[in-house]
Amino acid sequence: MERLEIREAIIDILESINPDEEYDDLKDDVSFRQQLSMDSMDMLDIVLELRKRFKIQIPESDYPKLDSMNSTLDYLAPLLADK
Amino acid sequence: MANDDSLYDAVIIGAGMSGLAAGIRLAQYDRRVLILEKHSVIGGLNSFYRRNGRNLDVGLHAMTNFVPKGVRTGPLARILRHLRLSWDDLGLTPQVGSSIAFPGVSLDFSNKFELLESQIAEKFPRQIDGFRKMVANLVDYDQLGGDDGLRTSARAFVSSFITDPLLVEMLFCPIFYYGGAREHDMDFGQFCIMFRAIFLEGFARPYEGIRLLLTRLLKKFKNLGGEIRLGTGVEKIVSDGDRAKKIVLADGKEIYARQFLSSAGWRETMRLCQLRCVGQPLAEGRLSFVETISILDRDPKKLGHKKTIVFFNDSDRFSYEKPDDTVDLRSGVICSPNNFQYNKPLGEGMIRITALANFDRWAGMNEDQYRVEKLRWFDRLLSSAVRFVPDFRGNIIDNDMFTPLTITRYTGHEGGAIYGSADKKYDGQTPLGNLFVCGTDQGMLGVVGAIVSGITIVNRYFLSK
């Protein structure tokens, strides 16, 4: 998957988690926590959705890498390169 | 041994708010999940029924924890995200305004915390600084769960900031009524949850009552592939001493699962496991309620009753305990479902009054006595309540009343215990490694609290692995 495709997929996951939120102005370099008031339970949802959609396992020690859109893409791009 | 058809990833006992929320979370992540509900309807304590052509809620005065649309923090926003619901799905309408009425002094409060602050500043000027300090020292939801430091006395906490005992009693009155599982005091952690839920966030109600939310949750669960069986009581949970193996239903059928989750209550669950002696048994809940429902020939506002909820007590000391008498007439909660900020009027006027009651006295009556006592105490409780709100007794066109026995019928709780065991099992664990508890006895109260409980326990023990 291309970086842009992965970004779309993540936006899709965010939209499914919180349909009331607007993601058009999402800043890729600011943490989800800060921007969307997401907590550790929300992060678990992102991880579970990634597991469900792309069949990838993300160990708990790697959760901090899913901090912002940019860091998430950096982390996922190699994992999803051939998906 | 079980074949594949009868092996579930998870079986949930109870289709109340916590069980339904837990079920949705599991089904969202493709777990094969089954909910078993003893009663013929969903909802548990927060259920609904039809009587004389009217839809009535069982336990619901209002939902607590209200925040307006767009607010991202707090338990309401969190459950919406975790259940993938939109704020509009709940159809919540905020309250008009409520009060705590004691002899000679009352405190108004609303969903704007400043109102309560200003009322305390005006009526208890020497206490306002202490009150503000107390609020600053409350802990957040996130810090709850598994921490025994939260088991300290809420009364000791409040009294360390507020020195006027009357104000202490007044603040505890709504908090006990809406979430006190133990007599006279509660855990500090629970106090924080309830204080936030009632005073810092606030009350709201769906125009259609609780059935709207329940219907949405059930539909969501089924659409995700979840299975549910109503009118299906659990006879026992069979274990090898370390792990639960299967559930035996009242009709003798057996259900196998990898993991089990019970919202039946701690003592009730242990009894199903026949584990009476394992672990520390939690003390039984002694607190139960009666509730009268009066249908009026007009909107209560036309009779001068404009408040959403009035918590009343007729002396300076509020006794939150199991009364010796059938009903405790000294205090109560008066709620009008009409008095929320709806866009259109609710239709018929309605006033609900809740008071403490003695389960054993109600349980000891024969059928005729039960019917007569309901009428007697209906009249007495209304006479007590109209000391604090305009007299509406001449406008009643229909009525109903539920008793501690009704609570047991809907919740399965021993002794009609409205909020379950006196002590809570915050970590949700049981002596069996694959059986967990959620709901009231995990320590979360109210509609939103119960949903948080179901989600939290599933996230922690079912989905994180």
# chains A, B, ... in the order shown; residues from 1 in each chain; ligands from 1
call {"tool": "interface_residues", "arguments": {"of": "chain B", "to": "chain A", "cutoff": "6 Å", "atoms": "only C-alpha atoms", "output": "mmCIF file with C-alpha atoms, in the first residue's frame"}}
result
data_model
loop_
_atom_site.group_PDB
_atom_site.id
_atom_site.type_symbol
_atom_site.label_atom_id
_atom_site.label_comp_id
_atom_site.auth_asym_id
_atom_site.auth_seq_id
_atom_site.Cartn_x
_atom_site.Cartn_y
_atom_site.Cartn_z
ATOM 1 C CA ARG B 81 -16.523 6.363 20.385
ATOM 2 C CA ARG B 84 -19.370 3.778 17.318
ATOM 3 C CA SER B 86 -23.148 9.327 17.096
#
call {"tool": "residues_around", "arguments": {"residues": "B:Gly439", "least_positions_apart": "2", "cutoff": "8 Å", "atoms": "only C-alpha atoms", "output": "list in words"}}
result
Met17, Ser18, Gly19, Ser263, Gly265, Val437, Asp441, Gln442, Gly443, Met444, Leu445, Gly449, Ala450, Ile451, Ser453 and Gly454 of chain B
call {"tool": "write_last_selection", "arguments": {"atoms": "N, CA and C atoms", "output": "PDB file, in the first residue's frame"}}
result
ATOM      1  N   MET B  17     -27.355  -2.684  30.356  1.00  0.00           N
ATOM      2  CA  MET B  17     -26.478  -1.753  29.637  1.00  0.00           C
ATOM      3  C   MET B  17     -25.054  -2.295  29.535  1.00  0.00           C
ATOM      4  N   SER B  18     -24.523  -2.848  30.627  1.00  0.00           N
ATOM      5  CA  SER B  18     -23.126  -3.289  30.588  1.00  0.00           C
ATOM      6  C   SER B  18     -22.963  -4.515  29.692  1.00  0.00           C
ATOM      7  N   GLY B  19     -23.900  -5.455  29.771  1.00  0.00           N
ATOM      8  CA  GLY B  19     -23.808  -6.657  28.944  1.00  0.00           C
ATOM      9  C   GLY B  19     -23.938  -6.345  27.460  1.00  0.00           C
ATOM     10  N   SER B 263     -22.830 -10.023  34.219  1.00  0.00           N
ATOM     11  CA  SER B 263     -23.312  -8.763  34.783  1.00  0.00           C
ATOM     12  C   SER B 263     -24.415  -9.055  35.795  1.00  0.00           C
ATOM     13  N   GLY B 265     -24.176  -9.641  38.871  1.00  0.00           N
ATOM     14  CA  GLY B 265     -23.848  -9.246  40.236  1.00  0.00           C
ATOM     15  C   GLY B 265     -22.816 -10.206  40.797  1.00  0.00           C
ATOM     16  N   VAL B 437     -16.539 -10.105  35.942  1.00  0.00           N
ATOM     17  CA  VAL B 437     -17.820  -9.450  36.201  1.00  0.00           C
ATOM     18  C   VAL B 437     -17.782  -8.020  35.657  1.00  0.00           C
ATOM     19  N   ASP B 441     -21.717  -4.325  40.016  1.00  0.00           N
ATOM     20  CA  ASP B 441     -20.794  -4.800  41.041  1.00  0.00           C
ATOM     21  C   ASP B 441     -19.324  -4.637  40.670  1.00  0.00           C
ATOM     22  N   GLN B 442     -19.060  -4.209  39.434  1.00  0.00           N
ATOM     23  CA  GLN B 442     -17.685  -3.836  39.093  1.00  0.00           C
ATOM     24  C   GLN B 442     -17.440  -2.407  39.556  1.00  0.00           C
ATOM     25  N   GLY B 443     -18.488  -1.712  39.953  1.00  0.00           N
ATOM     26  CA  GLY B 443     -18.297  -0.417  40.579  1.00  0.00           C
ATOM     27  C   GLY B 443     -18.733   0.779  39.761  1.00  0.00           C
ATOM     28  N   MET B 444     -19.304   0.530  38.574  1.00  0.00           N
ATOM     29  CA  MET B 444     -19.751   1.648  37.747  1.00  0.00           C
ATOM     30  C   MET B 444     -21.262   1.741  37.813  1.00  0.00           C
ATOM     31  N   LEU B 445     -21.764   2.941  38.025  1.00  0.00           N
ATOM     32  CA  LEU B 445     -23.200   3.094  38.233  1.00  0.00           C
ATOM     33  C   LEU B 445     -23.825   4.045  37.235  1.00  0.00           C
ATOM     34  N   GLY B 449     -22.270   4.801  33.309  1.00  0.00           N
ATOM     35  CA  GLY B 449     -21.294   4.029  34.079  1.00  0.00           C
ATOM     36  C   GLY B 449     -21.335   2.554  33.733  1.00  0.00           C
ATOM     37  N   ALA B 450     -22.538   2.009  33.610  1.00  0.00           N
ATOM     38  CA  ALA B 450     -22.677   0.589  33.283  1.00  0.00           C
ATOM     39  C   ALA B 450     -22.070   0.300  31.918  1.00  0.00           C
ATOM     40  N   ILE B 451     -22.305   1.195  30.975  1.00  0.00           N
ATOM     41  CA  ILE B 451     -21.744   1.000  29.637  1.00  0.00           C
ATOM     42  C   ILE B 451     -20.216   1.076  29.697  1.00  0.00           C
ATOM     43  N   SER B 453     -18.403   0.285  32.150  1.00  0.00           N
ATOM     44  CA  SER B 453     -17.959  -0.957  32.770  1.00  0.00           C
ATOM     45  C   SER B 453     -17.848  -2.090  31.754  1.00  0.00           C
ATOM     46  N   GLY B 454     -18.889  -2.294  30.967  1.00  0.00           N
ATOM     47  CA  GLY B 454     -18.874  -3.357  29.965  1.00  0.00           C
ATOM     48  C   GLY B 454     -17.721  -3.186  28.987  1.00  0.00           C
TER      49      GLY B 454
END
call {"tool": "closest_residue", "arguments": {"among": "B:Ile353, B:Met270, B:Ala283, B:Leu261", "to": "B:Arg182", "atoms": "only C-alpha atoms"}}
result
B:Ala283
call {"tool": "closest_residue", "arguments": {"among": "B:Ile24, B:Leu166, B:Ala355, B:Ala181", "to": "B:Pro103", "atoms": "only C-alpha atoms"}}
result
B:Leu166
call {"tool": "closest_residue", "arguments": {"among": "B:Leu329, B:Ile397, B:Ile334, B:Ile228", "to": "B:Asp379", "atoms": "only C-alpha atoms"}}
result
B:Leu329
call {"tool": "residues_around", "arguments": {"residues": "B:Asp251", "least_positions_apart": "6", "cutoff": "12 Å", "atoms": "only C-alpha atoms", "output": "PyMOL selection string"}}
result
chain B and resi 38+231-236
call {"tool": "write_last_selection", "arguments": {"atoms": "N, CA and C atoms", "output": "compact mmCIF listing (two decimals), in the first residue's frame"}}
result
# COMPACT_ATOMS: atom_id res chain seq x y z
N LYS B 38 -32.12 -13.53 31.47
CA LYS B 38 -33.14 -14.29 32.17
C LYS B 38 -34.55 -13.72 31.92
N GLY B 231 -35.30 -14.53 28.03
CA GLY B 231 -36.05 -15.54 28.78
C GLY B 231 -35.23 -16.80 28.99
N THR B 232 -33.91 -16.63 29.07
CA THR B 232 -33.01 -17.77 29.18
C THR B 232 -32.17 -17.63 30.45
N GLY B 233 -32.60 -18.24 31.51
CA GLY B 233 -31.89 -18.15 32.78
C GLY B 233 -30.72 -19.11 32.83
N VAL B 234 -29.67 -18.69 33.53
CA VAL B 234 -28.51 -19.55 33.72
C VAL B 234 -28.69 -20.32 35.03
N GLU B 235 -28.54 -21.63 34.95
CA GLU B 235 -28.68 -22.46 36.14
C GLU B 235 -27.35 -22.50 36.91
N LYS B 236 -26.27 -22.77 36.20
CA LYS B 236 -24.97 -22.74 36.85
C LYS B 236 -23.84 -22.57 35.85
call {"tool": "atom_distance", "arguments": {"atom1": "atom CA of B:Arg54", "atom2": "atom CA of B:Asp398"}}
result
10.3 Å
call {"tool": "atom_distance", "arguments": {"atom1": "atom CA of B:Gly16", "atom2": "atom CA of B:Thr354"}}
result
21.0 Å
call {"tool": "select_by_dssp", "arguments": {"residues": "stretch 1-59 of chain A", "states": "helix (DSSP H, G or I)", "output": "MDAnalysis selection string"}}
result
chainID A and resid 3:17 32:36 40:54
call {"tool": "closest_residue", "arguments": {"among": "A:Met43, A:Ile56, A:Ile10, A:Val30", "to": "A:Leu73", "atoms": "only C-alpha atoms"}}
result
A:Ile10
call {"tool": "residues_around", "arguments": {"residues": "B:Trp87", "least_positions_apart": "5", "cutoff": "12 Å", "atoms": "only C-alpha atoms", "output": "VMD selection string"}}
result
(chain A and resid 18 to 21) or (chain B and resid 66 to 72 76 to 81 92 to 93 206 213)
call {"tool": "write_last_selection", "arguments": {"atoms": "C-alpha atoms", "output": "mmCIF file, in the first residue's frame"}}
result
data_model
loop_
_atom_site.group_PDB
_atom_site.id
_atom_site.type_symbol
_atom_site.label_atom_id
_atom_site.label_comp_id
_atom_site.auth_asym_id
_atom_site.auth_seq_id
_atom_site.Cartn_x
_atom_site.Cartn_y
_atom_site.Cartn_z
ATOM 1 C CA ASN A 18 -15.999 8.856 16.015
ATOM 2 C CA PRO A 19 -18.525 9.816 13.345
ATOM 3 C CA ASP A 20 -19.155 13.196 14.991
ATOM 4 C CA GLU A 21 -15.617 14.440 14.329
ATOM 5 C CA PHE B 66 -24.398 14.714 30.124
ATOM 6 C CA VAL B 67 -22.046 16.754 27.990
ATOM 7 C CA PRO B 68 -23.097 18.792 24.948
ATOM 8 C CA LYS B 69 -22.377 17.601 21.429
ATOM 9 C CA GLY B 70 -18.790 18.200 20.415
ATOM 10 C CA VAL B 71 -17.253 17.717 23.864
ATOM 11 C CA ARG B 72 -14.642 14.997 23.424
ATOM 12 C CA LEU B 76 -20.239 9.935 27.573
ATOM 13 C CA ALA B 77 -17.909 10.941 24.734
ATOM 14 C CA ARG B 78 -15.843 7.852 25.398
ATOM 15 C CA ILE B 79 -18.701 5.376 25.199
ATOM 16 C CA LEU B 80 -19.924 6.960 21.984
ATOM 17 C CA ARG B 81 -16.523 6.363 20.385
ATOM 18 C CA LEU B 92 -30.439 13.370 24.755
ATOM 19 C CA THR B 93 -32.210 16.475 26.011
ATOM 20 C CA PRO B 206 -34.007 10.894 25.680
ATOM 21 C CA LEU B 213 -30.950 3.713 23.527
#
call {"tool": "select_by_dssp", "arguments": {"residues": "stretch 177-425 of chain B", "states": "strand (DSSP E or B)", "output": "MDAnalysis selection string"}}
result
chainID B and resid 187 204:206 227:229 234:239 244:249 254:262 288:296 309:313 327 331:335 340 349:357 396:402
call {"tool": "residues_around", "arguments": {"residues": "stretch 153-164 of chain B", "least_positions_apart": "2", "cutoff": "8 Å", "atoms": "only C-alpha atoms", "output": "MDAnalysis selection string"}}
result
chainID B and resid 127 130:131 133:134 151 166:168 185:189 191
